[in-house]
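Data first, discussion second: the structure below is written as structure tokens.
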Amino acid sequence: MRPVPELPEVETVRQGLAKWVTGRRITSVEVHHPRAVRRHLPGAEHFAAVLAGRTVVDVCRRGKYLWLPLDSGDAIIGHLGMSGQLLVQPPDAPDETHLRVRFRFADGGSELRFVDQRTFGGLAYSEGGAELPAEIAHIARDPMDPLFSDPDFVAGLRRKRSEVKRALLDQTLISGVGNIYADEALWRSRLHGLRPTDALTKPAATRLLAHVRDVLGEALVAGGTSFDALYVDVNGESGYFDRSLNAYGREGEPCHRCGAPIRREPFMNRSSYSCPRCQPRPRRGISPGTRSGG
DNA sequence: CGCGCCTCCTGTGTGC
DNA sequence: TGCACACAGGAGGCGC
């Protein structure tokens with residue numbers, strides 16, 4: 001089973017694309033499904049037309065977003081959503097079942113294909129977005145970014161009137177974290193995801209951030225396979241998912257720390273996994289708001 | 001403006 | 001065998 005891409009998976013894709021697509025000139029773009037470019041308001045035809053003739057000069061990432069700066073100063077924005085893949089395939093490779101967008105290049109070599117079963121992902125064109133597309137400027141830096149500010153994160157987290165897991169999934173506070181790594185970091189921190197953010201001490205928030213960084217870093221190393229193969233994929237065979245998960249997806253299995261069976265709870269129309277003993281539910285929810293006094 | 005809920009989407013697995 | 005439904009969940013949009 002392919003994991004839903006979070007920071008480590010997207011970074012793996014970024015590195016693969018950087019190797020195989022940088023410096024190549026696009027000659028044609030085929031949009032096979034309009035939903036794949038729904039964020040591009042001028043439409044699929046415009047998307048294809050404006051990209052023809054452009055050269056990809058780099059591949060960058062902000063959280064779970066990718067963007068490909070172009071020689072024109074513009075950029076292609078990409079998000080993999082839940083099931084998206086950016087594949088580099090030989091031109092004669094058969095079309096994938098869920099092929100949504102195909103890029104052909106002037107060198108006649110491999111194609112870039114956006115494949116996405118559930119179509120939560122998509123591509124867009126960002127005018128003038130080579131440096132950082134305005135469309136994703138609201139996304140925070142990720143904790144592996146050298147310019148990520150730990151004190152700002154700790155302060156921002158504790159200023160929120162919310163729950164800690166919600167805050168980890170809020171890409172405007174910290175980016176790159178999804179449901180899986182949020183649960184893993186919370187397990188390591190011995191925190192239940194419903195813990196109120198404004199009741200976290202600075203040391204507790206700092207420890208949580210360290211665990212988030214560790215979890216992402218370990219997954220990055222595990223997923224950092226070689227790119228010798230002419231095939232870029234968000235790959236579920238990294239081994240991280242086979243051996244290293246302590247909470248996510250382990251309902252009923254013994255906690256690796258205390259042996260208690262891991263529990264699954266509904267959360268935001270999905271699931272949260274935690275240890276009932278190491279991560280007790282908070283006795284109270286978030287404190288009543290006191291902001292309105294203003 | 002901050003926060004939280006709803007919705008988009010389709011293949012897979014499960015229970016009756 | 002077939003149908004109904006739960007489930008996977010990122011993030012934009014919107015209501016309060």
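The chains in the structure tokens are called A, B, ... from first to last as shown; in each chain the residues are counted from 1, and the ligands are counted from 1 in the order shown.
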>> Residues of chain C were defined as contacting chain A if any atom lay at most 10 Å from it, counting only C-alpha atoms (C1' of nucleotides); please report them as a list in words.
In response: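 So the contacting residues turn out to be DC7, DA8, DG9, DG10 and DA11 of chain C.
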Write out as a PDB file with N, CA, C and O atoms, in the first residue's frame which residues come within 7 Å of stretch 4-14 of chain B when counting only C-alpha atoms (C1' of nucleotides), dropping same-chain ones fewer than 3 positions away.
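As written to disk, around-v1.pdb reads:
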```pdb
ATOM      1  N   GLN A 117      -5.059   8.645  -8.818  1.00  0.00           N
ATOM      2  CA  GLN A 117      -6.326   7.900  -8.768  1.00  0.00           C
ATOM      3  C   GLN A 117      -7.470   8.750  -8.211  1.00  0.00           C
ATOM      4  O   GLN A 117      -8.524   8.869  -8.803  1.00  0.00           O
ATOM      5  N   ARG A 118      -7.266   9.336  -7.039  1.00  0.00           N
ATOM      6  CA  ARG A 118      -8.391   9.982  -6.354  1.00  0.00           C
ATOM      7  C   ARG A 118      -8.542  11.457  -6.682  1.00  0.00           C
ATOM      8  O   ARG A 118      -9.448  12.115  -6.176  1.00  0.00           O
ATOM      9  N   THR A 119      -7.651  11.971  -7.473  1.00  0.00           N
ATOM     10  CA  THR A 119      -7.723  13.355  -7.995  1.00  0.00           C
ATOM     11  C   THR A 119      -7.842  14.421  -6.899  1.00  0.00           C
ATOM     12  O   THR A 119      -8.464  15.450  -7.114  1.00  0.00           O
ATOM     13  N   PHE A 120      -7.261  14.144  -5.742  1.00  0.00           N
ATOM     14  CA  PHE A 120      -7.160  15.206  -4.747  1.00  0.00           C
ATOM     15  C   PHE A 120      -5.949  16.092  -5.052  1.00  0.00           C
ATOM     16  O   PHE A 120      -5.872  17.223  -4.588  1.00  0.00           O
TER      17      PHE A 120
END
```
>> Let's see if you can do this: from backbone DSSP, list all helix (DSSP H, G or I) residues in stretch 22-238 of chain A, as a ChimeraX atom specification.
In response: /A:34-37,44-51,134-136,150-159,164-169,179-189,197-199,202-223
> Got a sec: who's within 7 Å of A:Asn246, counting only C-alpha atoms (C1' of nucleotides), leaving out chain neighbours fewer than 3 positions off, as a list in words?
Replying inline: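 Selected residues are Glu184, Cys255 and His256 of chain A.
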Can you tell me, as a PDB file with C-alpha atoms, in the first residue's frame, what residues are no more than 10 Å from A:Val10 when counting only C-alpha atoms (C1' of nucleotides), ignoring any on the same chain fewer than 4 positions away?
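So the final result, stored in around.pdb, reads:
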```
ATOM      1  CA  VAL A   4      -0.257   9.203   1.465  1.00  0.00           C
ATOM      2  CA  PRO A   5       2.606  11.541   0.619  1.00  0.00           C
ATOM      3  CA  GLU A   6       3.871  13.753   3.415  1.00  0.00           C
ATOM      4  CA  ARG A  14      11.475  16.363  -5.646  1.00  0.00           C
ATOM      5  CA  GLN A  15      14.951  14.856  -5.729  1.00  0.00           C
ATOM      6  CA  GLY A  16      13.975  12.408  -8.449  1.00  0.00           C
ATOM      7  CA  ARG A  61       9.361  22.105  -2.455  1.00  0.00           C
ATOM      8  CA  ARG A  62       7.395  23.933   0.214  1.00  0.00           C
ATOM      9  CA  GLY A  63       5.811  21.527   2.677  1.00  0.00           C
ATOM     10  CA  LYS A  64       3.898  19.031   0.547  1.00  0.00           C
ATOM     11  CA  TYR A  65       3.816  21.340  -2.469  1.00  0.00           C
ATOM     12  CA  LEU A  66       6.280  21.077  -5.329  1.00  0.00           C
ATOM     13  CA  HIS A  79       0.470  18.773  -5.170  1.00  0.00           C
ATOM     14  CA  LEU A  80       0.196  14.996  -4.925  1.00  0.00           C
ATOM     15  CA  GLN A  85       2.475  10.419  -8.505  1.00  0.00           C
ATOM     16  CA  LEU A  86       4.871  12.276 -10.756  1.00  0.00           C
ATOM     17  CA  GLY A 176       4.943  18.727   5.687  1.00  0.00           C
ATOM     18  CA  LEU A 220      13.408  10.795   4.683  1.00  0.00           C
ATOM     19  CA  ASP A 233       7.615   7.297  -7.483  1.00  0.00           C
ATOM     20  CA  VAL A 234       6.211   7.904  -4.083  1.00  0.00           C
TER      21      VAL A 234
END
```
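Taking atom CA of A:Val29 as the reference point, atom CA of A:Glu135 is found at 21.4 Å.
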>> Residues within 6 Å of A:Glu253, please, as number ranges by chain. Count only C-alpha atoms (C1' of nucleotides); anything in the same chain fewer than 3 positions from it doesn't count.
In response: A: 250, 261-262
>> Rounded to one decimal, what separation in Å do you get between atom CA of A:Asp58 and atom CA of A:Arg102?
In response: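 The value is 18.5 Å.
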